[in-house]
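Colleague: Dropping in start.cif, which is mmCIF, C-alpha atoms:
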```cif
data_input
#
loop_
_atom_site.label_atom_id
_atom_site.label_comp_id
_atom_site.auth_asym_id
_atom_site.auth_seq_id
_atom_site.Cartn_x
_atom_site.Cartn_y
_atom_site.Cartn_z
CA MET A 14 102.37 90.97 58.78
CA GLY A 15 99.08 89.86 57.32
CA ARG A 16 95.88 91.03 58.98
CA SER A 17 94.30 87.57 58.65
CA ARG A 18 95.87 86.68 62.00
CA ARG A 19 94.79 88.34 65.21
CA THR A 20 97.62 89.92 67.13
CA LEU A 21 98.47 88.95 70.70
CA PRO A 22 97.23 92.28 72.17
CA GLU A 23 93.88 91.74 70.43
CA GLU A 24 93.60 88.20 71.78
CA LEU A 25 94.52 89.26 75.31
CA LEU A 26 91.88 92.01 75.21
CA LEU A 27 89.21 89.63 73.90
CA LEU A 28 90.05 87.21 76.72
CA ALA A 29 89.61 89.99 79.27
CA LEU A 30 86.30 91.22 77.83
CA ASP A 31 83.37 90.04 79.93
CA PRO A 32 80.55 88.99 77.57
CA ALA A 33 77.91 89.65 80.24
CA THR A 34 78.91 93.16 81.32
CA GLY A 35 80.87 94.47 78.33
CA THR A 36 83.70 95.59 80.63
CA THR A 37 87.29 94.39 80.79
CA ALA A 38 88.61 92.45 83.75
CA GLN A 39 91.71 93.77 85.55
CA PRO A 40 91.73 97.09 83.64
CA GLN A 41 94.81 98.61 85.30
CA SER A 42 97.08 95.60 84.90
CA LEU A 43 95.57 94.87 81.48
CA ASP A 44 97.11 98.09 80.15
CA LEU A 45 100.53 96.76 81.18
CA GLY A 46 99.71 93.41 79.61
CA LEU A 47 98.80 95.03 76.29
CA ALA A 48 102.15 96.84 76.20
CA GLY A 49 103.85 93.52 76.94
CA ALA A 50 101.79 91.71 74.32
CA GLN A 51 103.01 94.21 71.73
CA LEU A 52 106.59 93.23 72.56
CA VAL A 53 105.84 89.53 72.16
CA GLU A 54 104.04 90.13 68.86
CA LEU A 55 107.00 92.13 67.56
CA ALA A 56 109.33 89.32 68.63
CA LEU A 57 107.15 86.73 66.86
CA ALA A 58 107.38 88.93 63.75
CA GLY A 59 111.19 88.94 63.98
CA ARG A 60 111.44 92.69 64.68
CA ILE A 61 112.84 92.55 68.22
CA ALA A 62 114.62 89.98 70.38
CA PRO A 63 115.45 89.57 74.07
CA ASP A 64 118.93 90.63 75.18
CA GLY A 65 119.15 89.47 78.77
CA ASP A 66 116.42 91.44 80.56
CA ARG A 67 116.41 93.99 77.75
CA ILE A 68 114.67 94.28 74.38
CA ALA A 69 116.72 94.94 71.24
CA VAL A 70 115.45 95.93 67.80
CA VAL A 71 116.90 93.51 65.24
CA GLN A 72 114.78 94.45 62.19
CA PRO A 73 113.23 97.94 62.07
CA ARG A 74 111.14 97.20 58.96
CA PRO A 75 107.43 98.02 59.63
CA THR A 76 105.01 95.18 60.20
CA GLY A 77 102.05 96.83 58.52
CA ASP A 78 100.14 97.10 61.81
CA PRO A 79 100.04 100.83 62.75
CA THR A 80 99.87 100.29 66.52
CA LEU A 81 102.70 97.76 66.55
CA ASP A 82 104.77 99.91 64.20
CA CYS A 83 104.39 102.88 66.54
CA ALA A 84 105.83 100.77 69.37
CA LEU A 85 108.60 99.48 67.10
CA GLU A 86 109.58 103.02 66.09
CA LEU A 87 109.68 104.15 69.71
CA LEU A 88 111.96 101.23 70.53
CA ARG A 89 114.18 102.03 67.53
CA ARG A 90 114.53 105.65 68.63
CA ARG A 91 115.93 104.52 71.97
CA GLY A 92 119.10 103.60 70.09
CA ALA A 93 120.04 100.89 72.60
CA PRO A 94 118.32 97.88 74.13
CA VAL A 95 115.78 98.91 76.77
CA ARG A 96 114.89 96.97 79.91
CA ALA A 97 111.53 95.26 79.45
CA VAL A 98 110.35 96.39 82.87
CA HIS A 99 111.09 100.04 82.04
CA TRP A 100 109.36 99.84 78.66
CA ILE A 101 106.21 98.22 80.07
CA GLY A 102 106.18 100.59 83.04
CA GLY A 103 106.30 103.66 80.81
CA PRO A 104 103.24 105.80 80.01
CA ARG A 105 100.73 103.92 77.85
CA LEU A 106 97.81 106.34 77.89
CA GLY A 107 94.88 105.15 75.81
CA LEU A 108 96.39 101.84 74.69
CA ARG A 109 93.38 99.78 75.83
CA GLN A 110 90.97 102.19 74.13
CA THR A 111 93.10 102.11 70.98
CA TYR A 112 92.71 98.35 70.76
CA LEU A 113 89.01 98.43 71.65
CA SER A 114 88.43 100.94 68.85
CA HIS A 115 90.46 98.76 66.50
CA LEU A 116 88.40 95.67 67.38
CA GLU A 117 85.27 97.73 66.74
CA ARG A 118 86.50 98.80 63.30
CA CYS A 119 87.29 95.17 62.51
CA GLY A 120 83.75 94.19 63.48
CA MET A 121 84.81 91.96 66.40
CA VAL A 122 83.09 94.12 69.04
CA HIS A 123 80.44 96.83 69.02
CA ALA A 124 80.17 99.78 71.38
CA VAL A 125 77.12 100.19 73.61
CA ALA A 126 76.58 103.64 75.11
CA GLY A 127 75.24 103.89 78.63
CA GLN A 128 75.36 105.87 81.85
CA MET A 129 76.93 105.29 85.24
CA CYS A 130 74.72 106.27 88.19
CA GLY A 131 72.33 107.72 85.63
CA VAL A 132 74.68 110.64 84.97
CA LEU A 133 78.17 109.78 83.72
CA PRO A 134 78.33 108.56 80.12
CA THR A 135 79.98 105.16 79.70
CA THR A 136 80.80 102.86 76.81
CA ARG A 137 80.73 99.10 77.04
CA TYR A 138 81.89 96.69 74.38
CA GLN A 139 80.08 93.51 73.38
CA ALA A 140 81.66 90.84 71.21
CA THR A 141 79.89 90.49 67.88
CA ASP A 142 81.01 86.88 67.48
CA ASN A 143 81.62 84.94 70.67
CA ALA A 144 83.09 82.10 68.60
CA ILE A 145 86.33 84.07 68.31
CA SER A 146 86.69 84.41 72.08
CA ARG A 147 85.75 80.74 72.53
CA GLU A 148 88.48 79.70 70.08
CA ILE A 149 91.09 81.73 71.96
CA ARG A 150 89.90 80.33 75.28
CA ALA A 151 89.90 76.78 73.88
CA ARG A 152 93.62 77.05 73.09
CA LEU A 153 94.37 77.92 76.71
CA ASP A 154 92.05 75.20 78.00
CA SER A 155 93.73 72.62 75.76
CA ALA A 156 97.22 73.57 76.93
CA ILE A 157 96.09 73.41 80.57
CA ARG A 158 94.17 70.16 80.22
CA THR A 159 96.58 68.11 78.08
CA GLY A 160 99.89 69.29 79.49
CA VAL A 161 101.30 69.28 75.94
CA PRO A 162 103.69 72.22 75.42
CA PRO A 163 101.72 74.85 73.49
CA ASP A 164 102.90 76.85 70.50
CA PRO A 165 104.82 80.05 71.36
CA ARG A 166 101.81 82.31 70.73
CA THR A 167 99.54 80.37 73.07
CA ALA A 168 102.30 80.04 75.68
CA ALA A 169 102.86 83.81 75.61
CA LEU A 170 99.11 84.46 75.83
CA ALA A 171 98.92 82.18 78.89
CA ALA A 172 101.90 83.93 80.49
CA LEU A 173 100.36 87.37 79.97
CA ALA A 174 96.92 86.24 81.14
CA HIS A 175 98.52 85.04 84.37
CA ALA A 176 100.64 88.18 84.73
CA VAL A 177 97.69 90.58 84.51
CA GLY A 178 95.54 88.50 86.87
CA LEU A 179 93.05 87.02 84.39
CA GLY A 180 93.35 83.58 85.98
CA LYS A 181 90.55 84.29 88.47
CA HIS A 182 88.42 85.71 85.65
CA LEU A 183 88.92 82.70 83.39
CA TYR A 184 88.99 79.98 86.06
CA PRO A 185 87.12 81.33 89.10
CA GLY A 186 86.58 79.84 92.53
CA ASN A 187 88.08 76.87 94.31
CA GLU A 188 87.24 74.61 91.39
CA GLY A 189 89.47 76.70 89.13
CA ARG A 190 92.48 76.66 91.46
CA SER A 191 94.33 73.83 89.68
CA SER A 192 93.67 75.44 86.28
CA ARG A 193 95.05 78.76 87.54
CA SER A 194 98.15 76.95 88.78
CA ARG A 195 98.69 75.25 85.42
CA LEU A 196 98.09 78.56 83.63
CA ARG A 197 100.93 80.03 85.69
CA ASP A 198 103.17 77.07 84.83
CA LEU A 199 102.76 77.67 81.08
CA ILE A 200 104.94 80.76 81.49
CA ARG A 201 108.05 78.59 81.06
CA HIS A 202 107.22 77.48 77.51
CA ASP A 203 108.10 80.74 75.72
CA PRO A 204 111.24 82.70 76.71
CA MET A 205 110.01 86.02 75.33
CA GLY A 206 106.55 85.59 76.82
CA GLY A 207 108.12 84.67 80.14
CA LEU A 208 110.43 87.70 80.11
CA VAL A 209 107.56 90.06 79.35
CA ALA A 210 105.16 88.44 81.83
CA HIS A 211 107.70 88.72 84.64
CA ALA A 212 108.28 92.37 83.66
CA VAL A 213 104.52 93.03 83.87
CA MET A 214 104.42 91.53 87.36
CA ASP A 215 107.54 93.46 88.40
CA VAL A 216 105.92 96.75 87.35
CA GLN A 217 102.84 95.93 89.43
CA ASN A 218 105.09 95.16 92.40
CA GLY A 219 106.95 98.46 92.04
CA VAL A 220 110.23 96.94 90.86
CA ALA A 221 110.50 99.29 87.87
CA ALA A 222 110.57 102.32 90.16
CA GLN A 223 113.36 100.99 92.38
CA PRO A 224 116.89 102.25 91.65
CA ARG A 225 119.37 99.61 90.60
CA ARG A 226 122.06 98.89 93.19
CA SER A 227 125.32 97.07 92.83
CA ALA A 228 125.09 93.47 93.97
CA PRO A 229 126.62 92.55 97.36
CA PRO A 230 129.38 89.92 97.50
CA ALA A 231 128.25 86.36 96.79
CA GLY A 232 126.57 84.68 99.71
CA ARG A 233 125.98 87.98 101.56
CA GLN A 234 123.14 90.43 101.49
CA ALA A 235 123.27 94.09 102.49
CA THR A 236 121.12 95.18 105.42
CA ALA A 237 119.43 98.54 105.89
CA GLY A 238 122.38 99.74 107.98
CA GLY A 239 124.89 98.89 105.30
CA ARG A 240 126.22 95.77 107.05
CA ALA A 241 126.37 92.47 105.26
CA ALA A 242 124.01 89.77 106.42
CA PRO A 243 123.89 86.10 105.49
CA ALA A 244 121.73 85.35 102.49
CA PRO A 245 118.56 83.32 103.19
CA ALA A 246 118.88 79.57 102.91
CA ARG A 247 118.12 78.13 99.49
CA GLY A 248 114.45 77.41 99.08
CA VAL A 249 113.38 79.82 101.84
CA PRO A 250 111.63 82.86 100.26
CA MET A 251 112.36 86.31 101.59
CA GLN A 252 109.38 88.08 103.11
CA PRO A 253 108.23 91.08 101.03
CA HIS A 254 108.06 94.53 102.60
CA ARG A 255 104.57 95.55 103.63
CA GLY A 256 102.81 97.61 101.00
CA SER A 257 105.29 96.80 98.25
CA ALA A 258 102.75 95.12 96.00
CA ALA A 259 100.38 97.29 94.01
CA HIS A 260 96.71 96.62 94.64
CA VAL A 261 94.84 96.01 91.41
CA VAL A 262 91.09 96.40 91.39
CA ALA A 263 89.00 94.62 88.77
CA HIS A 264 86.07 96.55 87.34
#
```
Represent the supplied structure as structure tokens.
Modeller:
Amino acid sequence: MGRSRRTLPEELLLLALDPATGTTAQPQSLDLGLAGAQLVELALAGRIAPDGDRIAVVQPRPTGDPTLDCALELLRRRGAPVRAVHWIGGPRLGLRQTYLSHLERCGMVHAVAGQMCGVLPTTRYQATDNAISREIRARLDSAIRTGVPPDPRTAALAALAHAVGLGKHLYPGNEGRSSRSRLRDLIRHDPMGGLVAHAVMDVQNGVAAQPRRSAPPAGRQATAGGRAAPAPARGVPMQPHRGSAAHVVAH
């Protein structure tokens, strides 16, 4: 893989970087999104492919990108396809910092040291060339505005941006509501991006931690007492349990 092209994790991180504050929006969910973006980038490079809701290695040859190759090797060592939701929900300590440091080495951002409350040392990151971020943003804006199906890379970027909650960062307020809705709709244009984006959202909603149960007979749904209950009518969403969704705080 040539280094002339920015990878999807790099683009997602640049989208999330606030040029005014030097902080990243949605930091907790962004870590999940970066792990998912690695999967999409490896799929675009022909190294992995979806297998139902699982990810299978189809070509273990390194890409030349150390961070992606580390993920590829970990997937290869699994020896069998792994569920996307389990991979993304696994420990990813330091992944965001790894990519920030990489962007700094590439000259796309520079670190600014500071202090929080006048005591705790902090590091913020400012883009060295806002034209790069504007170009990435313009691709999303074009796909939203024109309605023309985007290329797989842009479609996956849109899906991940929606999954990690960047919609309100990119298109804030009531005036951005329709753009946020169209950003969500772009998820259908790339199967791998859609699979990964749904896995990111499932992890945030606690689905990855839930044990898998055998499915009840068709048309019936098990109740808490073990009895079978009629399934909800088509088109009527089931109400989620209170507290099931993880609360993500943007910094």
Colleague: Give me, as a Markdown table, each residue of range 110-227 of chain A that comes within 10 Å of range 80-96 of chain A, together with its shortest interatomic pair and the distance in Å at one decimal, counting all atoms listed in the file, with rows ordered by chain and rising residue number.
Modeller:
```
| residue | atom | partner | partner_atom | distance |
| --- | --- | --- | --- | --- |
| A:Thr111 | CA | A:Thr80 | CA | 8.3 |
| A:Tyr112 | CA | A:Thr80 | CA | 8.5 |
| A:His115 | CA | A:Thr80 | CA | 9.5 |
| A:Ala212 | CA | A:Arg96 | CA | 8.9 |
| A:Ala221 | CA | A:Arg96 | CA | 9.4 |
```
Colleague: Since I can't run it myself right now, could you work out what the PyMOL selection byres ((chain A and resi 27) around 12) selects here and report it as a PyMOL selection string?
Modeller: chain A and resi 19-26+28-32+35-38+43+47+109+112-113+115-117+121-122+138-150+170+174+179+183
Colleague: Could you pull the residues within 9 Å of Pro163 in chain A, counting all atoms listed in the file, minus those fewer than 2 positions along the same chain, as a ChimeraX atom specification?
Modeller: /A:152-153,155-156,160-161,165-168,199,202-203
Colleague: My list of candidates is A:Gly65, A:Gly219, A:Gly207, A:Pro75. Which is closest to Ala50 in chain A when distances are computed with only C-alpha atoms?
Modeller: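 Closest residue, counting only C-alpha atoms: A:Gly207.
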Colleague: My list of candidates is A:Arg137, A:Asp66, A:Trp100, A:Ile157. Which is closest to Ser114 in chain A when distances are computed with all atoms listed in the file?
Modeller: A:Arg137
Colleague: So, counting all atoms listed in the file, which residue among A:Gly107, A:Pro63, A:Pro185, A:Pro79 is closest to Asp44 in chain A?
Modeller: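 Among A:Gly107, A:Pro63, A:Pro185, A:Pro79, it is A:Gly107 that comes nearest to Asp44 in chain A.
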Colleague: Interatomic distance between CA of Ala124 in chain A and CA of Ala172 in chain A?
Modeller: 28.4 Å
Colleague: May I have the residues within 10 Å of Arg201 in chain A as a list in words, using only C-alpha atoms and disregarding those fewer than 3 positions away in the same chain?
Modeller: Pro162, Ala168, Ala169, Ala172, Arg197, Asp198, Pro204, Met205, Gly206, Gly207 and Leu208 of chain A
Colleague: If I take CA of Ala176 in chain A and CA of Ala210 in chain A, how far is one from the other in Å, to one decimal?
Modeller: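 Calculated distance between CA of Ala176 in chain A and CA of Ala210 in chain A is 5.4 Å.
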Colleague: Which residue gives the smallest distance to Met214 in chain A among A:Asp164, A:Arg60, A:Leu108, A:Gly178, with only C-alpha atoms counted?
Modeller: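 Of all the options, A:Gly178 lies closest to Met214 in chain A.
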Colleague: Please measure the separation of CA of Ala171 in chain A and CA of Gln72 in chain A, giving the value in Å to one decimal.
Modeller: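 Computed distance, CA of Ala171 in chain A to CA of Gln72 in chain A, equals 26.1 Å.
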Colleague: Determine the axis-aligned bounding box of all atoms of range 22-38 of chain A present in the file, pad each side by 5 Å, and express its centre and edge lengths in Å to one decimal place as AutoDock Vina command-line options.
Modeller:
```
--center_x 87.6 --center_y 91.4 --center_z 77.1 --size_x 29.3 --size_y 18.4 --size_z 23.3
```
Colleague: Go through A:Cys119, A:Ala97, A:Val132, A:Ala126 one by one, measure the shortest atom-to-atom distance of each to Ala48 in chain A using all atoms listed in the file, and give the residue with the smallest value.
Modeller: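 Ranking A:Cys119, A:Ala97, A:Val132, A:Ala126 by distance to Ala48 in chain A, first place goes to A:Ala97.
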Colleague: If we count only C-alpha atoms and set the cut-off at 7 Å, which residues sit around Gly49 in chain A, ignoring sequence neighbours fewer than 4 positions away in its own chain? Please answer as a list of chain:residue names.
Modeller: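 Residues meeting the cut-off are A:Leu45, A:Val53, A:Ile101, A:Val209, A:Val213.
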Colleague: Which residue out of A:Asp78, A:Arg190, A:Pro73, A:Tyr184 has the minimum interatomic distance to Glu54 in chain A when only C-alpha atoms are used?
Modeller: A:Asp78
